[in-house]
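Visitor: Contents of upload_33.pdb (PDB, N, CA and C atoms) are given next:
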```pdb
MODEL        1
ATOM      1  N   MET T  28      94.159  13.186 -98.564
ATOM      2  CA  MET T  28      92.920  12.450 -98.702
ATOM      3  C   MET T  28      92.477  12.510-100.161
ATOM      4  N   LYS T  29      91.932  11.422-100.653
ATOM      5  CA  LYS T  29      91.469  11.326-102.036
ATOM      6  C   LYS T  29      89.948  11.397-102.106
ATOM      7  N   VAL T  30      89.478  11.891-103.254
ATOM      8  CA  VAL T  30      88.032  11.955-103.508
ATOM      9  C   VAL T  30      87.728  11.078-104.708
ATOM     10  N   GLU T  31      86.703  10.267-104.585
ATOM     11  CA  GLU T  31      86.169   9.569-105.749
ATOM     12  C   GLU T  31      84.712   9.979-105.877
ATOM     13  N   TYR T  32      84.226   9.975-107.093
ATOM     14  CA  TYR T  32      82.875  10.447-107.377
ATOM     15  C   TYR T  32      82.033   9.324-107.952
ATOM     16  N   HIS T  33      80.800   9.237-107.506
ATOM     17  CA  HIS T  33      79.844   8.346-108.153
ATOM     18  C   HIS T  33      79.686   8.847-109.579
ATOM     19  N   PRO T  34      79.553   7.951-110.568
ATOM     20  CA  PRO T  34      79.471   8.398-111.972
ATOM     21  C   PRO T  34      78.350   9.397-112.257
ATOM     22  N   GLU T  35      77.271   9.356-111.519
ATOM     23  CA  GLU T  35      76.142  10.246-111.789
ATOM     24  C   GLU T  35      76.307  11.647-111.206
ATOM     25  N   THR T  36      77.328  11.860-110.372
ATOM     26  CA  THR T  36      77.500  13.198-109.789
ATOM     27  C   THR T  36      77.863  14.233-110.850
ATOM     28  N   ALA T  37      78.563  13.824-111.891
ATOM     29  CA  ALA T  37      78.882  14.770-112.973
ATOM     30  C   ALA T  37      77.597  15.268-113.622
ATOM     31  N   ASP T  38      76.638  14.365-113.838
ATOM     32  CA  ASP T  38      75.345  14.772-114.399
ATOM     33  C   ASP T  38      74.600  15.698-113.442
ATOM     34  N   ASP T  39      74.652  15.377-112.134
ATOM     35  CA  ASP T  39      73.996  16.218-111.133
ATOM     36  C   ASP T  39      74.513  17.650-111.241
ATOM     37  N   LEU T  40      75.833  17.791-111.234
ATOM     38  CA  LEU T  40      76.438  19.120-111.237
ATOM     39  C   LEU T  40      76.255  19.823-112.578
ATOM     40  N   ASN T  41      76.476  19.118-113.670
ATOM     41  CA  ASN T  41      76.375  19.754-114.987
ATOM     42  C   ASN T  41      74.968  20.247-115.291
ATOM     43  N   SER T  42      73.947  19.497-114.898
ATOM     44  CA  SER T  42      72.577  19.968-115.155
ATOM     45  C   SER T  42      72.255  21.181-114.287
ATOM     46  N   ALA T  43      72.748  21.206-113.054
ATOM     47  CA  ALA T  43      72.523  22.370-112.191
ATOM     48  C   ALA T  43      73.249  23.594-112.731
ATOM     49  N   VAL T  44      74.478  23.415-113.179
ATOM     50  CA  VAL T  44      75.253  24.530-113.731
ATOM     51  C   VAL T  44      74.560  25.073-114.975
ATOM     52  N   SER T  45      74.087  24.193-115.846
ATOM     53  CA  SER T  45      73.380  24.627-117.060
ATOM     54  C   SER T  45      72.128  25.416-116.713
ATOM     55  N   HIS T  46      71.388  24.918-115.733
ATOM     56  CA  HIS T  46      70.165  25.603-115.313
ATOM     57  C   HIS T  46      70.471  27.015-114.814
ATOM     58  N   TYR T  47      71.458  27.142-113.934
ATOM     59  CA  TYR T  47      71.784  28.453-113.383
ATOM     60  C   TYR T  47      72.392  29.381-114.423
ATOM     61  N   ASN T  48      73.191  28.851-115.339
ATOM     62  CA  ASN T  48      73.742  29.697-116.405
ATOM     63  C   ASN T  48      72.649  30.191-117.350
ATOM     64  N   ALA T  49      71.586  29.401-117.516
ATOM     65  CA  ALA T  49      70.460  29.842-118.336
ATOM     66  C   ALA T  49      69.701  30.974-117.644
ATOM     67  N   LEU T  50      69.654  30.939-116.321
ATOM     68  CA  LEU T  50      68.993  32.016-115.574
ATOM     69  C   LEU T  50      69.782  33.313-115.653
ATOM     70  N   ARG T  51      71.097  33.190-115.474
ATOM     71  CA  ARG T  51      71.981  34.355-115.544
ATOM     72  C   ARG T  51      73.389  33.879-115.889
ATOM     73  N   PRO T  52      73.947  34.355-116.979
ATOM     74  CA  PRO T  52      75.293  33.909-117.361
ATOM     75  C   PRO T  52      76.292  34.087-116.214
ATOM     76  N   GLY T  53      77.045  33.034-115.966
ATOM     77  CA  GLY T  53      78.051  33.059-114.909
ATOM     78  C   GLY T  53      77.562  32.525-113.576
ATOM     79  N   LEU T  54      76.260  32.477-113.379
ATOM     80  CA  LEU T  54      75.738  31.999-112.099
ATOM     81  C   LEU T  54      76.024  30.512-111.902
ATOM     82  N   GLY T  55      75.926  29.739-112.969
ATOM     83  CA  GLY T  55      76.246  28.314-112.887
ATOM     84  C   GLY T  55      77.709  28.083-112.551
ATOM     85  N   ASP T  56      78.564  28.937-113.091
ATOM     86  CA  ASP T  56      79.990  28.827-112.772
ATOM     87  C   ASP T  56      80.235  29.131-111.298
ATOM     88  N   ALA T  57      79.470  30.049-110.747
ATOM     89  CA  ALA T  57      79.570  30.345-109.311
ATOM     90  C   ALA T  57      79.122  29.141-108.488
ATOM     91  N   LEU T  58      78.066  28.464-108.948
ATOM     92  CA  LEU T  58      77.620  27.237-108.263
ATOM     93  C   LEU T  58      78.734  26.200-108.292
ATOM     94  N   ARG T  59      79.330  25.991-109.464
ATOM     95  CA  ARG T  59      80.405  24.997-109.584
ATOM     96  C   ARG T  59      81.543  25.329-108.605
ATOM     97  N   ALA T  60      81.911  26.593-108.508
ATOM     98  CA  ALA T  60      82.982  27.003-107.594
ATOM     99  C   ALA T  60      82.607  26.714-106.143
ATOM    100  N   GLN T  61      81.345  26.954-105.790
ATOM    101  CA  GLN T  61      80.896  26.688-104.413
ATOM    102  C   GLN T  61      80.865  25.191-104.112
ATOM    103  N   VAL T  62      80.512  24.392-105.102
ATOM    104  CA  VAL T  62      80.526  22.930-104.912
ATOM    105  C   VAL T  62      81.952  22.456-104.682
ATOM    106  N   TYR T  63      82.899  22.951-105.486
ATOM    107  CA  TYR T  63      84.298  22.559-105.293
ATOM    108  C   TYR T  63      84.839  23.040-103.951
ATOM    109  N   ALA T  64      84.404  24.207-103.516
ATOM    110  CA  ALA T  64      84.815  24.703-102.198
ATOM    111  C   ALA T  64      84.255  23.803-101.095
ATOM    112  N   ALA T  65      83.021  23.336-101.274
ATOM    113  CA  ALA T  65      82.424  22.427-100.286
ATOM    114  C   ALA T  65      83.186  21.104-100.249
ATOM    115  N   VAL T  66      83.594  20.601-101.397
ATOM    116  CA  VAL T  66      84.380  19.364-101.430
ATOM    117  C   VAL T  66      85.704  19.578-100.693
ATOM    118  N   ASP T  67      86.318  20.728-100.867
ATOM    119  CA  ASP T  67      87.557  21.030-100.127
ATOM    120  C   ASP T  67      87.310  21.052 -98.623
ATOM    121  N   ARG T  68      86.175  21.611 -98.203
ATOM    122  CA  ARG T  68      85.839  21.612 -96.770
ATOM    123  C   ARG T  68      85.655  20.187 -96.261
ATOM    124  N   ILE T  69      85.000  19.362 -97.061
ATOM    125  CA  ILE T  69      84.793  17.957 -96.676
ATOM    126  C   ILE T  69      86.144  17.270 -96.497
ATOM    127  N   LEU T  70      87.042  17.483 -97.438
ATOM    128  CA  LEU T  70      88.361  16.850 -97.365
ATOM    129  C   LEU T  70      89.120  17.247 -96.107
ATOM    130  N   GLY T  71      88.922  18.470 -95.670
ATOM    131  CA  GLY T  71      89.617  18.950 -94.476
ATOM    132  C   GLY T  71      89.164  18.281 -93.195
ATOM    133  N   ARG T  72      87.857  18.037 -93.087
ATOM    134  CA  ARG T  72      87.318  17.466 -91.841
ATOM    135  C   ARG T  72      86.054  16.656 -92.139
ATOM    136  N   PRO T  73      86.176  15.519 -92.787
ATOM    137  CA  PRO T  73      84.987  14.778 -93.219
ATOM    138  C   PRO T  73      84.110  14.267 -92.071
ATOM    139  N   LEU T  74      84.684  13.965 -90.944
ATOM    140  CA  LEU T  74      83.905  13.382 -89.855
ATOM    141  C   LEU T  74      83.094  14.409 -89.069
ATOM    142  N   THR T  75      83.267  15.688 -89.367
ATOM    143  CA  THR T  75      82.513  16.718 -88.652
ATOM    144  C   THR T  75      81.117  16.931 -89.235
ATOM    145  N   TYR T  76      80.861  16.390 -90.405
ATOM    146  CA  TYR T  76      79.555  16.584 -91.043
ATOM    147  C   TYR T  76      78.566  15.551 -90.529
ATOM    148  N   PRO T  77      77.310  15.965 -90.364
ATOM    149  CA  PRO T  77      76.326  15.062 -89.761
ATOM    150  C   PRO T  77      75.958  13.891 -90.670
ATOM    151  N   ARG T  78      75.722  12.765 -90.032
ATOM    152  CA  ARG T  78      75.209  11.599 -90.752
ATOM    153  C   ARG T  78      73.720  11.801 -90.974
ATOM    154  N   ILE T  79      73.262  11.451 -92.170
ATOM    155  CA  ILE T  79      71.835  11.575 -92.439
ATOM    156  C   ILE T  79      71.174  10.219 -92.581
ATOM    157  N   GLU T  80      71.960   9.219 -92.958
ATOM    158  CA  GLU T  80      71.453   7.839 -93.012
ATOM    159  C   GLU T  80      72.640   6.894 -93.069
ATOM    160  N   GLY T  81      72.718   5.993 -92.116
ATOM    161  CA  GLY T  81      73.835   5.063 -92.083
ATOM    162  C   GLY T  81      75.160   5.802 -92.042
ATOM    163  N   GLU T  82      76.008   5.525 -93.019
ATOM    164  CA  GLU T  82      77.321   6.162 -93.101
ATOM    165  C   GLU T  82      77.334   7.382 -94.012
ATOM    166  N   ILE T  83      76.195   7.747 -94.563
ATOM    167  CA  ILE T  83      76.125   8.875 -95.491
ATOM    168  C   ILE T  83      76.048  10.179 -94.713
ATOM    169  N   ARG T  84      76.902  11.115 -95.091
ATOM    170  CA  ARG T  84      76.982  12.421 -94.444
ATOM    171  C   ARG T  84      76.585  13.514 -95.426
ATOM    172  N   ARG T  85      76.251  14.699 -94.880
ATOM    173  CA  ARG T  85      75.791  15.807 -95.718
ATOM    174  C   ARG T  85      76.589  17.066 -95.430
ATOM    175  N   CYS T  86      76.967  17.744 -96.518
ATOM    176  CA  CYS T  86      77.617  19.052 -96.435
ATOM    177  C   CYS T  86      76.781  20.018 -97.255
ATOM    178  N   LEU T  87      76.431  21.149 -96.661
ATOM    179  CA  LEU T  87      75.664  22.163 -97.375
ATOM    180  C   LEU T  87      76.587  23.012 -98.235
ATOM    181  N   VAL T  88      76.122  23.347 -99.423
ATOM    182  CA  VAL T  88      76.862  24.215-100.336
ATOM    183  C   VAL T  88      76.491  25.662 -99.987
ATOM    184  N   HIS T  89      77.480  26.505 -99.803
ATOM    185  CA  HIS T  89      77.211  27.910 -99.489
ATOM    186  C   HIS T  89      76.566  28.611-100.669
ATOM    187  N   ARG T  90      75.642  29.518-100.370
ATOM    188  CA  ARG T  90      75.042  30.418-101.351
ATOM    189  C   ARG T  90      74.007  29.796-102.269
ATOM    190  N   PHE T  91      73.943  28.482-102.356
ATOM    191  CA  PHE T  91      73.005  27.803-103.241
ATOM    192  C   PHE T  91      72.266  26.719-102.462
ATOM    193  N   PRO T  92      71.035  26.396-102.865
ATOM    194  CA  PRO T  92      70.254  25.390-102.136
ATOM    195  C   PRO T  92      70.617  23.959-102.538
ATOM    196  N   TYR T  93      71.864  23.596-102.315
ATOM    197  CA  TYR T  93      72.356  22.262-102.666
ATOM    198  C   TYR T  93      73.095  21.650-101.497
ATOM    199  N   SER T  94      73.069  20.329-101.460
ATOM    200  CA  SER T  94      73.830  19.560-100.483
ATOM    201  C   SER T  94      74.689  18.553-101.225
ATOM    202  N   ILE T  95      75.811  18.220-100.628
ATOM    203  CA  ILE T  95      76.658  17.152-101.140
ATOM    204  C   ILE T  95      76.545  16.001-100.155
ATOM    205  N   LEU T  96      76.116  14.851-100.651
ATOM    206  CA  LEU T  96      76.050  13.661 -99.817
ATOM    207  C   LEU T  96      77.272  12.811-100.125
ATOM    208  N   PHE T  97      77.931  12.346 -99.073
ATOM    209  CA  PHE T  97      79.170  11.586 -99.243
ATOM    210  C   PHE T  97      79.302  10.565 -98.131
ATOM    211  N   ARG T  98      80.256   9.665 -98.320
ATOM    212  CA  ARG T  98      80.594   8.739 -97.243
ATOM    213  C   ARG T  98      82.104   8.594 -97.169
ATOM    214  N   VAL T  99      82.569   8.323 -95.977
ATOM    215  CA  VAL T  99      83.991   8.099 -95.757
ATOM    216  C   VAL T  99      84.236   6.623 -96.031
ATOM    217  N   VAL T 100      85.048   6.336 -97.052
ATOM    218  CA  VAL T 100      85.316   4.955 -97.442
ATOM    219  C   VAL T 100      86.437   4.383 -96.582
ATOM    220  N   THR T 101      87.535   5.099 -96.496
ATOM    221  CA  THR T 101      88.658   4.737 -95.627
ATOM    222  C   THR T 101      89.162   6.021 -94.983
ATOM    223  N   SER T 102      90.166   5.912 -94.154
ATOM    224  CA  SER T 102      90.715   7.121 -93.520
ATOM    225  C   SER T 102      91.375   8.038 -94.540
ATOM    226  N   GLU T 103      91.629   7.553 -95.742
ATOM    227  CA  GLU T 103      92.279   8.348 -96.783
ATOM    228  C   GLU T 103      91.405   8.550 -98.019
ATOM    229  N   ASN T 104      90.120   8.163 -97.953
ATOM    230  CA  ASN T 104      89.299   8.192 -99.157
ATOM    231  C   ASN T 104      87.846   8.515 -98.818
ATOM    232  N   ILE T 105      87.262   9.476 -99.550
ATOM    233  CA  ILE T 105      85.828   9.730 -99.440
ATOM    234  C   ILE T 105      85.203   9.540-100.817
ATOM    235  N   ARG T 106      83.905   9.258-100.816
ATOM    236  CA  ARG T 106      83.174   9.077-102.069
ATOM    237  C   ARG T 106      81.991  10.030-102.075
ATOM    238  N   ILE T 107      81.961  10.926-103.070
ATOM    239  CA  ILE T 107      80.838  11.834-103.255
ATOM    240  C   ILE T 107      79.745  11.047-103.965
ATOM    241  N   LEU T 108      78.570  10.988-103.351
ATOM    242  CA  LEU T 108      77.484  10.183-103.890
ATOM    243  C   LEU T 108      76.505  10.980-104.738
ATOM    244  N   VAL T 109      76.173  12.188-104.279
ATOM    245  CA  VAL T 109      75.163  12.970-104.991
ATOM    246  C   VAL T 109      75.326  14.446-104.654
ATOM    247  N   ILE T 110      75.014  15.277-105.634
ATOM    248  CA  ILE T 110      74.907  16.722-105.426
ATOM    249  C   ILE T 110      73.428  17.022-105.626
ATOM    250  N   ARG T 111      72.742  17.320-104.541
ATOM    251  CA  ARG T 111      71.273  17.317-104.542
ATOM    252  C   ARG T 111      70.693  18.680-104.179
ATOM    253  N   HIS T 112      69.748  19.138-105.004
ATOM    254  CA  HIS T 112      68.997  20.359-104.706
ATOM    255  C   HIS T 112      68.110  20.091-103.491
ATOM    256  N   HIS T 113      67.897  21.087-102.669
ATOM    257  CA  HIS T 113      67.115  20.905-101.454
ATOM    258  C   HIS T 113      65.651  20.588-101.708
ATOM    259  N   ARG T 114      65.158  20.871-102.905
ATOM    260  CA  ARG T 114      63.766  20.537-103.214
ATOM    261  C   ARG T 114      63.590  19.119-103.725
ATOM    262  N   ARG T 115      64.685  18.415-103.949
ATOM    263  CA  ARG T 115      64.581  17.019-104.374
ATOM    264  C   ARG T 115      64.074  16.198-103.201
ATOM    265  N   HIS T 116      63.504  15.052-103.512
ATOM    266  CA  HIS T 116      63.022  14.147-102.468
ATOM    267  C   HIS T 116      64.197  13.761-101.569
ATOM    268  N   PRO T 117      63.997  13.698-100.262
ATOM    269  CA  PRO T 117      65.105  13.379 -99.350
ATOM    270  C   PRO T 117      65.783  12.033 -99.627
ATOM    271  N   ALA T 118      65.092  11.116-100.271
ATOM    272  CA  ALA T 118      65.683   9.815-100.572
ATOM    273  C   ALA T 118      66.503   9.826-101.864
ATOM    274  N   PHE T 119      66.428  10.929-102.628
ATOM    275  CA  PHE T 119      67.154  10.988-103.902
ATOM    276  C   PHE T 119      68.655  10.829-103.663
ATOM    277  N   GLY T 120      69.241   9.852-104.316
ATOM    278  CA  GLY T 120      70.668   9.624-104.243
ATOM    279  C   GLY T 120      71.130   8.734-103.111
ATOM    280  N   LEU T 121      70.263   8.404-102.180
ATOM    281  CA  LEU T 121      70.693   7.595-101.036
ATOM    282  C   LEU T 121      71.015   6.162-101.419
ATOM    283  N   SER T 122      70.507   5.697-102.544
ATOM    284  CA  SER T 122      70.796   4.322-102.968
ATOM    285  C   SER T 122      72.148   4.213-103.677
ATOM    286  N   ARG T 123      72.764   5.344-103.981
ATOM    287  CA  ARG T 123      74.077   5.301-104.643
ATOM    288  C   ARG T 123      75.142   4.838-103.655
ATOM    289  N   ARG T 124      76.041   4.095-104.133
ATOM    290  CA  ARG T 124      77.130   3.603-103.271
ATOM    291  C   ARG T 124      78.426   3.893-103.967
TER     292      ARG T 124
ENDMDL
END
```
Is it possible to express this structure as structure tokens?
Guide:
Amino acid sequence: MKVEYHPETADDLNSAVSHYNALRPGLGDALRAQVYAAVDRILGRPLTYPRIEGEIRRCLVHRFPYSILFRVVTSENIRILVIRHHRRHPAFGLSRR
């Protein structure tokens, strides 16, 4: 299965990593590792994650208050739409396709 990313997801992740690394060196790197682990979980079983709106599904990131919103494009392709902190507005990122 292939993963494609919305162009803004890099900004989502990089700003979160910078924030956490500023709080404690290495913490942002731990967040990045957990996000990549969550993407691997999604790739393994994308249809097991709950739909939150239309075809958009959500996977929680372990250890950090973040969710990955994605959609299944084809049986061989998923698209990561947003990496969102839980305190962000629930509509944040839902307009991304």
Visitor: Build an axis-aligned box that encloses every atom of region 51-70 of chain T listed in the file, pad it by 4 Å on each side, and report its centre and edge lengths in Å to one decimal, as JSON.
Guide:
```
{"center_x": 80.1, "center_y": 25.6, "center_z": -106.7, "size_x": 26.0, "size_y": 25.5, "size_z": 29.3}
```
Visitor: Could you write out as a ChimeraX atom specification the residues that the PyMOL selection byres ((chain T and resi 71-85) around 5) matches in the shown file?
Guide: /T:67-70,86-87,95-98
Visitor: Could you save those same residues with N, CA and C atoms as an mmCIF file, keeping the file's coordinate frame?
Guide:
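See out-v1.cif below for the written result:
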```
data_model
loop_
_atom_site.group_PDB
_atom_site.id
_atom_site.type_symbol
_atom_site.label_atom_id
_atom_site.label_comp_id
_atom_site.auth_asym_id
_atom_site.auth_seq_id
_atom_site.Cartn_x
_atom_site.Cartn_y
_atom_site.Cartn_z
ATOM 1 N N ASP T 67 86.318 20.728 -100.867
ATOM 2 C CA ASP T 67 87.557 21.030 -100.127
ATOM 3 C C ASP T 67 87.310 21.052 -98.623
ATOM 4 N N ARG T 68 86.175 21.611 -98.203
ATOM 5 C CA ARG T 68 85.839 21.612 -96.770
ATOM 6 C C ARG T 68 85.655 20.187 -96.261
ATOM 7 N N ILE T 69 85.000 19.362 -97.061
ATOM 8 C CA ILE T 69 84.793 17.957 -96.676
ATOM 9 C C ILE T 69 86.144 17.270 -96.497
ATOM 10 N N LEU T 70 87.042 17.483 -97.438
ATOM 11 C CA LEU T 70 88.361 16.850 -97.365
ATOM 12 C C LEU T 70 89.120 17.247 -96.107
ATOM 13 N N CYS T 86 76.967 17.744 -96.518
ATOM 14 C CA CYS T 86 77.617 19.052 -96.435
ATOM 15 C C CYS T 86 76.781 20.018 -97.255
ATOM 16 N N LEU T 87 76.431 21.149 -96.661
ATOM 17 C CA LEU T 87 75.664 22.163 -97.375
ATOM 18 C C LEU T 87 76.587 23.012 -98.235
ATOM 19 N N ILE T 95 75.811 18.220 -100.628
ATOM 20 C CA ILE T 95 76.658 17.152 -101.140
ATOM 21 C C ILE T 95 76.545 16.001 -100.155
ATOM 22 N N LEU T 96 76.116 14.851 -100.651
ATOM 23 C CA LEU T 96 76.050 13.661 -99.817
ATOM 24 C C LEU T 96 77.272 12.811 -100.125
ATOM 25 N N PHE T 97 77.931 12.346 -99.073
ATOM 26 C CA PHE T 97 79.170 11.586 -99.243
ATOM 27 C C PHE T 97 79.302 10.565 -98.131
ATOM 28 N N ARG T 98 80.256 9.665 -98.320
ATOM 29 C CA ARG T 98 80.594 8.739 -97.243
ATOM 30 C C ARG T 98 82.104 8.594 -97.169
#
```
Visitor: Using the chain letters and numbers from the file, give me the residues hit by the PyMOL selection byres ((chain T and resi 108) around 7), as a list in words.
Guide: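 Selection result, ordered by chain and number: Glu31, Tyr32, His33, Glu35, Thr36, Ile95, Leu96, Phe97, Arg98, Arg106, Ile107, Val109, Ile110, Gly120, Arg123 and Arg124 of chain T.
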Visitor: Pull out every residue that the PyMOL selection byres ((chain T and resi 111-115) around 5) matches in the shown coordinates and put them as a ChimeraX atom specification.
Guide: /T:92-94,109-110,116-117
Visitor: Expressed in Å to a single decimal, how great is the separation between atom C of Ile105 (chain T) and atom C of Gly55 (chain T)?
Guide: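 Going from atom C of Ile105 (chain T) over to atom C of Gly55 (chain T) covers 23.2 Å.
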Visitor: One decimal, in Å: what's the spacing between CA of Val88 (chain T) and CA of Leu40 (chain T)?
Guide: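 If I compute the distance from CA of Val88 (chain T) to CA of Leu40 (chain T), I get 12.0 Å.
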Visitor: Per DSSP on the backbone, what are the strand (DSSP E) residues of chain T, as a ChimeraX atom specification?
Guide: /T:29-32,78-80,83-87,93-101,104-112
Visitor: Counting all atoms listed in the file, which of T:Met28, T:Leu121, T:Ala49, T:Ala64 gets nearest to His89 (chain T)?
Guide: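 Under the stated criterion, the closest residue is T:Ala64.
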Visitor: Using Å and a single decimal, report how far atom N of Arg90 (chain T) sits from atom N of Ala43 (chain T).
Guide: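 Separation between atom N of Ala43 (chain T) and atom N of Arg90 (chain T): 15.4 Å.
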Visitor: So, counting only C-alpha atoms, which residue among T:His46, T:Phe119, T:Glu103, T:Asp39 is closest to Val62 (chain T)?
Guide: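 The shortest atom-to-atom distance to Val62 (chain T) comes from T:Asp39.
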Visitor: Would you please take region 57-107 of chain T of the structure in the block above and write C-alpha atoms to a file as a tab-separated table (two decimals), in the first residue's frame?
Guide:
```
chain	number	residue	atom	x	y	z
T	57	ALA	CA	9.76	11.12	19.80
T	58	LEU	CA	6.58	12.72	18.42
T	59	ARG	CA	7.85	12.25	14.85
T	60	ALA	CA	8.58	8.57	15.58
T	61	GLN	CA	5.07	8.07	17.00
T	62	VAL	CA	3.49	9.74	13.96
T	63	TYR	CA	5.43	7.43	11.63
T	64	ALA	CA	4.41	4.44	13.74
T	65	ALA	CA	0.77	5.55	13.45
T	66	VAL	CA	1.12	5.80	9.66
T	67	ASP	CA	2.48	2.23	9.66
T	68	ARG	CA	-0.55	1.10	11.67
T	69	ILE	CA	-2.85	2.83	9.18
T	70	LEU	CA	-1.13	1.08	6.28
T	71	GLY	CA	-1.66	-2.28	7.94
T	72	ARG	CA	-5.42	-1.94	8.40
T	73	PRO	CA	-6.80	1.37	7.09
T	74	LEU	CA	-10.46	0.36	7.13
T	75	THR	CA	-10.45	-0.40	10.87
T	76	TYR	CA	-10.19	3.27	11.83
T	77	PRO	CA	-13.41	5.16	12.47
T	78	ARG	CA	-14.85	7.59	9.97
T	79	ILE	CA	-15.25	11.07	11.37
T	80	GLU	CA	-16.77	12.79	8.34
T	81	GLY	CA	-17.61	11.31	4.97
T	82	GLU	CA	-14.65	9.19	3.89
T	83	ILE	CA	-12.19	10.80	6.32
T	84	ARG	CA	-10.88	8.49	9.03
T	85	ARG	CA	-8.93	9.18	12.23
T	86	CYS	CA	-5.99	7.42	13.85
T	87	LEU	CA	-4.78	8.51	17.28
T	88	VAL	CA	-1.05	8.99	17.81
T	89	HIS	CA	0.23	7.13	20.87
T	90	ARG	CA	1.73	9.14	23.73
T	91	PHE	CA	0.91	12.56	22.24
T	92	PRO	CA	-2.38	14.48	21.86
T	93	TYR	CA	-2.44	14.24	18.06
T	94	SER	CA	-4.60	12.57	15.46
T	95	ILE	CA	-3.88	11.69	11.86
T	96	LEU	CA	-6.79	12.27	9.52
T	97	PHE	CA	-6.67	10.30	6.29
T	98	ARG	CA	-8.80	8.82	3.56
T	99	VAL	CA	-8.55	5.65	1.55
T	100	VAL	CA	-8.14	6.71	-2.08
T	101	THR	CA	-7.96	3.24	-3.64
T	102	SER	CA	-7.40	-0.26	-2.31
T	103	GLU	CA	-3.65	0.39	-2.72
T	104	ASN	CA	-3.42	4.08	-1.77
T	105	ILE	CA	-4.17	6.26	1.26
T	106	ARG	CA	-3.83	10.03	1.58
T	107	ILE	CA	-2.79	11.65	4.86
```
